[in-house]
Amino acid sequence: MESLLADVVAVLAALAAAALILITIVAHITATKMPNFHRHEEERFFVNAEGKKESIPSIHDPPTKELSVVVPSYNEEDRLPLMMDEALDYLEKRQKRDPAFTYEVIVVDDGSKDQTAKVAMKYCKKYGSDKVRVLTLVKNRGKGGAVRMGVFSCRGGKILMADADGATKFADIEKVEEGLRNLQPWPRSYFRTLLMYGFHFLVWFLCVKEIRDTQCGFKLLTREAASRTFSALHIERWAFDVELLYIAQRLKIPIAEVAVNWTEIDGSKLVPFWSWLQMGRDLLFIRLRYLTGAWRLETSKSN
C-alpha cells in the first residue's frame, strides 16, 4: 500500500513538473519581445471645445502643466459625471487658492459603446479644452492600454491615474502628493487592505513584494517615472498595475503607499470569475516571461 501511494505521489509530482515546464515554454514562446504600442491615425489628435482637431502632445515633451489626471473610461456614462464633478470642483478651488497651480484632465474613452465620450465632452466645453481633454480610442484596449494612451498624451509634471467610478475621494490626492514628496530610496508601505487576499497572495508570491494593494486606481507618478514604466509595459488588461509596479521595482524607482478614502461603487466592469482567472494567468505569465528573459528591462536607478 505504501509503495502504491509513493508511486502515485511520484506520478503526480512528475505531472506537475511537466505542466509547469509546458506553461513556461508557452509563456516564453507567446511573449512579444517589445511592448506593442500603436496609435491609430484617429488617435493622434483630440477634438477641442470648438469642435476642431488638435495634435496630441507627447510624454517626451517638457511638461507644461503641474498635474495631469488620466481617467480611463469604458462605458462610464453613468458613473463618470460624479467623478468629474468632484475632481473638477477640487481642482478649480485649488487653482483659486494657488493661481500658479495648473492642471489638465484627460478622459480616455476606451472604445465605449455608450455615450461616455459625449458626457466627457460636456466638461470639455464647460471648462475649456486646455483643462479637459477627451481622447477617443478606435477600439477597446483594456484599462492598462487606455491609461498608457492617456499618459503618453499628457502635459503634466505629475501624472495621476484615477478611476472613472469616483471610488477614491479626489481630495486625497494631497496625501498622495505628500507621499511622493517624502519618498526615500527604500520606502516602506502603509495602505488599506482589500478583500482580495488570494489575488494579493499571488501578486506577492509571483511579482510585487512590498505593495499591499496593487490594484488601487489612484496612482501618482512623476513624468520621468511614467515615461520609463509605461514604455516598458506589456499588459494592457486588468493586471497592468502589477506589471507596472514590477517594472518600477526592477528599475529601482522608489514607491510609497498612502492611505486614501475608498468607497465601493456599483457598476464595476470586472466579471468576478473570468476576470480573476485572466488576471491569475497574466500574473503567472508576467513572472515567467521576465524570469526566462522573454521580456527584458534595462535596469538603472531613477528618481
# chains A, B, ... in the order shown; residues from 1 in each chain; ligands from 1
>>> residues_around(residues="range 138-144 of chain A", least_positions_apart="3", cutoff="10 Å", atoms="only C-alpha atoms", output="PDB file with N, CA, C and O atoms, in the first residue's frame")
ATOM      1  N   ARG A  39      -0.558  53.799 -32.207  1.00  0.00           N
ATOM      2  CA  ARG A  39      -1.602  54.812 -32.142  1.00  0.00           C
ATOM      3  C   ARG A  39      -2.236  54.933 -33.525  1.00  0.00           C
ATOM      4  O   ARG A  39      -1.560  55.263 -34.501  1.00  0.00           O
ATOM      5  N   HIS A  40      -3.531  54.647 -33.614  1.00  0.00           N
ATOM      6  CA  HIS A  40      -4.239  54.793 -34.880  1.00  0.00           C
ATOM      7  C   HIS A  40      -4.253  56.260 -35.304  1.00  0.00           C
ATOM      8  O   HIS A  40      -4.108  57.170 -34.486  1.00  0.00           O
ATOM      9  N   GLU A  41      -4.431  56.490 -36.577  1.00  0.00           N
ATOM     10  CA  GLU A  41      -4.420  57.849 -37.101  1.00  0.00           C
ATOM     11  C   GLU A  41      -5.455  58.730 -36.392  1.00  0.00           C
ATOM     12  O   GLU A  41      -5.192  59.896 -36.086  1.00  0.00           O
ATOM     13  N   GLU A  42      -6.640  58.154 -36.117  1.00  0.00           N
ATOM     14  CA  GLU A  42      -7.696  58.909 -35.440  1.00  0.00           C
ATOM     15  C   GLU A  42      -7.345  59.234 -33.990  1.00  0.00           C
ATOM     16  O   GLU A  42      -8.008  60.080 -33.369  1.00  0.00           O
ATOM     17  N   GLU A  43      -6.323  58.554 -33.444  1.00  0.00           N
ATOM     18  CA  GLU A  43      -5.940  58.770 -32.050  1.00  0.00           C
ATOM     19  C   GLU A  43      -4.768  59.738 -31.910  1.00  0.00           C
ATOM     20  O   GLU A  43      -4.244  59.932 -30.817  1.00  0.00           O
ATOM     21  N   VAL A  71      -8.010  59.557 -16.816  1.00  0.00           N
ATOM     22  CA  VAL A  71      -9.208  58.826 -16.389  1.00  0.00           C
ATOM     23  C   VAL A  71      -9.594  57.798 -17.455  1.00  0.00           C
ATOM     24  O   VAL A  71     -10.235  58.143 -18.461  1.00  0.00           O
ATOM     25  N   PRO A  72      -9.194  56.522 -17.303  1.00  0.00           N
ATOM     26  CA  PRO A  72      -9.605  55.504 -18.275  1.00  0.00           C
ATOM     27  C   PRO A  72     -11.094  55.224 -18.121  1.00  0.00           C
ATOM     28  O   PRO A  72     -11.586  55.016 -17.006  1.00  0.00           O
ATOM     29  N   SER A  73     -11.825  55.213 -19.236  1.00  0.00           N
ATOM     30  CA  SER A  73     -13.290  55.096 -19.157  1.00  0.00           C
ATOM     31  C   SER A  73     -13.816  54.157 -20.233  1.00  0.00           C
ATOM     32  O   SER A  73     -13.586  54.383 -21.420  1.00  0.00           O
ATOM     33  N   TYR A  74     -14.529  53.154 -19.811  1.00  0.00           N
ATOM     34  CA  TYR A  74     -15.179  52.236 -20.749  1.00  0.00           C
ATOM     35  C   TYR A  74     -16.636  52.073 -20.327  1.00  0.00           C
ATOM     36  O   TYR A  74     -16.929  51.557 -19.253  1.00  0.00           O
ATOM     37  N   VAL A 108      -9.964  59.199 -21.209  1.00  0.00           N
ATOM     38  CA  VAL A 108      -9.660  58.288 -22.314  1.00  0.00           C
ATOM     39  C   VAL A 108     -10.854  57.358 -22.516  1.00  0.00           C
ATOM     40  O   VAL A 108     -11.115  56.473 -21.709  1.00  0.00           O
ATOM     41  N   ASP A 109     -11.596  57.615 -23.580  1.00  0.00           N
ATOM     42  CA  ASP A 109     -12.746  56.775 -23.922  1.00  0.00           C
ATOM     43  C   ASP A 109     -12.228  55.517 -24.605  1.00  0.00           C
ATOM     44  O   ASP A 109     -11.811  55.550 -25.763  1.00  0.00           O
ATOM     45  N   ASP A 110     -12.262  54.402 -23.888  1.00  0.00           N
ATOM     46  CA  ASP A 110     -11.643  53.163 -24.348  1.00  0.00           C
ATOM     47  C   ASP A 110     -12.584  52.350 -25.238  1.00  0.00           C
ATOM     48  O   ASP A 110     -12.939  51.223 -24.921  1.00  0.00           O
ATOM     49  N   GLY A 111     -12.985  52.961 -26.363  1.00  0.00           N
ATOM     50  CA  GLY A 111     -13.854  52.255 -27.297  1.00  0.00           C
ATOM     51  C   GLY A 111     -15.235  51.983 -26.733  1.00  0.00           C
ATOM     52  O   GLY A 111     -15.836  50.937 -27.027  1.00  0.00           O
ATOM     53  N   SER A 112     -15.771  52.909 -25.943  1.00  0.00           N
ATOM     54  CA  SER A 112     -17.082  52.712 -25.309  1.00  0.00           C
ATOM     55  C   SER A 112     -18.196  52.563 -26.335  1.00  0.00           C
ATOM     56  O   SER A 112     -18.148  53.141 -27.421  1.00  0.00           O
ATOM     57  N   LYS A 113     -19.220  51.809 -25.935  1.00  0.00           N
ATOM     58  CA  LYS A 113     -20.383  51.616 -26.788  1.00  0.00           C
ATOM     59  C   LYS A 113     -21.545  52.518 -26.355  1.00  0.00           C
ATOM     60  O   LYS A 113     -22.605  52.508 -26.975  1.00  0.00           O
ATOM     61  N   LEU A 135      -9.828  61.889 -25.179  1.00  0.00           N
ATOM     62  CA  LEU A 135      -9.097  61.078 -26.157  1.00  0.00           C
ATOM     63  C   LEU A 135      -9.932  59.836 -26.441  1.00  0.00           C
ATOM     64  O   LEU A 135     -10.144  59.010 -25.563  1.00  0.00           O
ATOM     65  N   VAL A 147      -4.934  53.713 -20.046  1.00  0.00           N
ATOM     66  CA  VAL A 147      -4.101  54.556 -19.174  1.00  0.00           C
ATOM     67  C   VAL A 147      -2.809  54.936 -19.888  1.00  0.00           C
ATOM     68  O   VAL A 147      -2.379  56.095 -19.854  1.00  0.00           O
ATOM     69  N   ARG A 148      -2.187  53.965 -20.544  1.00  0.00           N
ATOM     70  CA  ARG A 148      -0.941  54.255 -21.249  1.00  0.00           C
ATOM     71  C   ARG A 148      -1.142  55.306 -22.342  1.00  0.00           C
ATOM     72  O   ARG A 148      -0.316  56.217 -22.500  1.00  0.00           O
ATOM     73  N   MET A 149      -2.241  55.212 -23.087  1.00  0.00           N
ATOM     74  CA  MET A 149      -2.524  56.209 -24.121  1.00  0.00           C
ATOM     75  C   MET A 149      -2.678  57.596 -23.513  1.00  0.00           C
ATOM     76  O   MET A 149      -2.199  58.590 -24.065  1.00  0.00           O
ATOM     77  N   GLY A 150      -3.352  57.668 -22.364  1.00  0.00           N
ATOM     78  CA  GLY A 150      -3.509  58.948 -21.691  1.00  0.00           C
ATOM     79  C   GLY A 150      -2.200  59.493 -21.169  1.00  0.00           C
ATOM     80  O   GLY A 150      -1.910  60.690 -21.303  1.00  0.00           O
ATOM     81  N   ASP A 163      -9.627  56.316 -11.363  1.00  0.00           N
ATOM     82  CA  ASP A 163     -10.719  55.545 -11.945  1.00  0.00           C
ATOM     83  C   ASP A 163     -11.949  56.414 -12.151  1.00  0.00           C
ATOM     84  O   ASP A 163     -12.222  57.337 -11.380  1.00  0.00           O
ATOM     85  N   PHE A 230       5.726  53.027 -18.379  1.00  0.00           N
ATOM     86  CA  PHE A 230       4.724  52.741 -19.409  1.00  0.00           C
ATOM     87  C   PHE A 230       5.368  52.401 -20.746  1.00  0.00           C
ATOM     88  O   PHE A 230       4.758  51.707 -21.567  1.00  0.00           O
ATOM     89  N   LEU A 233       5.786  48.653 -20.590  1.00  0.00           N
ATOM     90  CA  LEU A 233       4.604  47.881 -20.204  1.00  0.00           C
ATOM     91  C   LEU A 233       4.098  46.991 -21.346  1.00  0.00           C
ATOM     92  O   LEU A 233       3.974  47.438 -22.474  1.00  0.00           O
ATOM     93  N   HIS A 234       3.802  45.733 -21.016  1.00  0.00           N
ATOM     94  CA  HIS A 234       3.260  44.788 -21.995  1.00  0.00           C
ATOM     95  C   HIS A 234       1.772  44.525 -21.779  1.00  0.00           C
ATOM     96  O   HIS A 234       1.011  44.412 -22.726  1.00  0.00           O
ATOM     97  N   ILE A 235       1.359  44.385 -20.529  1.00  0.00           N
ATOM     98  CA  ILE A 235      -0.016  44.018 -20.197  1.00  0.00           C
ATOM     99  C   ILE A 235      -0.935  45.231 -20.353  1.00  0.00           C
ATOM    100  O   ILE A 235      -0.643  46.300 -19.818  1.00  0.00           O
ATOM    101  N   GLU A 236      -2.061  45.057 -21.050  1.00  0.00           N
ATOM    102  CA  GLU A 236      -2.996  46.162 -21.245  1.00  0.00           C
ATOM    103  C   GLU A 236      -4.327  45.937 -20.539  1.00  0.00           C
ATOM    104  O   GLU A 236      -5.157  46.847 -20.501  1.00  0.00           O
ATOM    105  N   ARG A 237      -4.535  44.758 -19.976  1.00  0.00           N
ATOM    106  CA  ARG A 237      -5.811  44.487 -19.316  1.00  0.00           C
ATOM    107  C   ARG A 237      -5.680  44.731 -17.808  1.00  0.00           C
ATOM    108  O   ARG A 237      -4.825  45.480 -17.354  1.00  0.00           O
ATOM    109  N   TRP A 238      -6.515  44.050 -17.001  1.00  0.00           N
ATOM    110  CA  TRP A 238      -6.649  44.395 -15.588  1.00  0.00           C
ATOM    111  C   TRP A 238      -5.370  44.222 -14.783  1.00  0.00           C
ATOM    112  O   TRP A 238      -5.164  44.929 -13.793  1.00  0.00           O
ATOM    113  N   ALA A 239      -4.502  43.323 -15.164  1.00  0.00           N
ATOM    114  CA  ALA A 239      -3.283  43.069 -14.387  1.00  0.00           C
ATOM    115  C   ALA A 239      -2.154  44.043 -14.721  1.00  0.00           C
ATOM    116  O   ALA A 239      -1.035  43.872 -14.262  1.00  0.00           O
ATOM    117  N   PHE A 240      -2.441  45.092 -15.510  1.00  0.00           N
ATOM    118  CA  PHE A 240      -1.368  46.012 -15.908  1.00  0.00           C
ATOM    119  C   PHE A 240      -0.732  46.695 -14.700  1.00  0.00           C
ATOM    120  O   PHE A 240       0.466  46.990 -14.698  1.00  0.00           O
ATOM    121  N   ASP A 241      -1.533  46.941 -13.638  1.00  0.00           N
ATOM    122  CA  ASP A 241      -0.989  47.598 -12.441  1.00  0.00           C
ATOM    123  C   ASP A 241       0.167  46.797 -11.853  1.00  0.00           C
ATOM    124  O   ASP A 241       1.155  47.366 -11.386  1.00  0.00           O
ATOM    125  N   GLU A 243       2.231  44.600 -13.408  1.00  0.00           N
ATOM    126  CA  GLU A 243       3.447  44.708 -14.215  1.00  0.00           C
ATOM    127  C   GLU A 243       4.065  46.093 -14.082  1.00  0.00           C
ATOM    128  O   GLU A 243       5.294  46.237 -14.029  1.00  0.00           O
ATOM    129  N   LEU A 244       3.224  47.129 -14.008  1.00  0.00           N
ATOM    130  CA  LEU A 244       3.723  48.496 -13.858  1.00  0.00           C
ATOM    131  C   LEU A 244       4.568  48.627 -12.599  1.00  0.00           C
ATOM    132  O   LEU A 244       5.683  49.179 -12.627  1.00  0.00           O
TER     133      LEU A 244
END
>>> residues_around(residues="range 120-123 of chain A", least_positions_apart="6", cutoff="7 Å", atoms="only C-alpha atoms", output="count of residues only")
3
>>> residues_around(residues="Val119 in chain A", least_positions_apart="4", cutoff="9 Å", atoms="only C-alpha atoms", output="MDAnalysis selection string")
chainID A and resid 76:78 80:81 115 123
>>> closest_residue(among="A:Val70, A:Arg228, A:Asp165, A:Phe170", to="Arg94 in chain A", atoms="only C-alpha atoms")
A:Phe170
>>> closest_residue(among="A:Leu160, A:Leu82, A:Ile56, A:Leu291", to="Val105 in chain A", atoms="only C-alpha atoms")
A:Leu160
>>> closest_residue(among="A:Lys118, A:Val151, A:Lys169, A:Gly128", to="Ile106 in chain A", atoms="only C-alpha atoms")
A:Val151
>>> atom_distance(atom1="CA of Ala225 in chain A", atom2="CA of His38 in chain A")
20.5 Å
>>> closest_residue(among="A:Ala162, A:Leu288, A:Leu183, A:Ala248", to="Lys219 in chain A", atoms="only C-alpha atoms")
A:Ala162
>>> select_by_dssp(residues="range 81-120 of chain A", states="alpha helix (DSSP H)", output="MDAnalysis selection string")
chainID A and resid 81:97 116:120
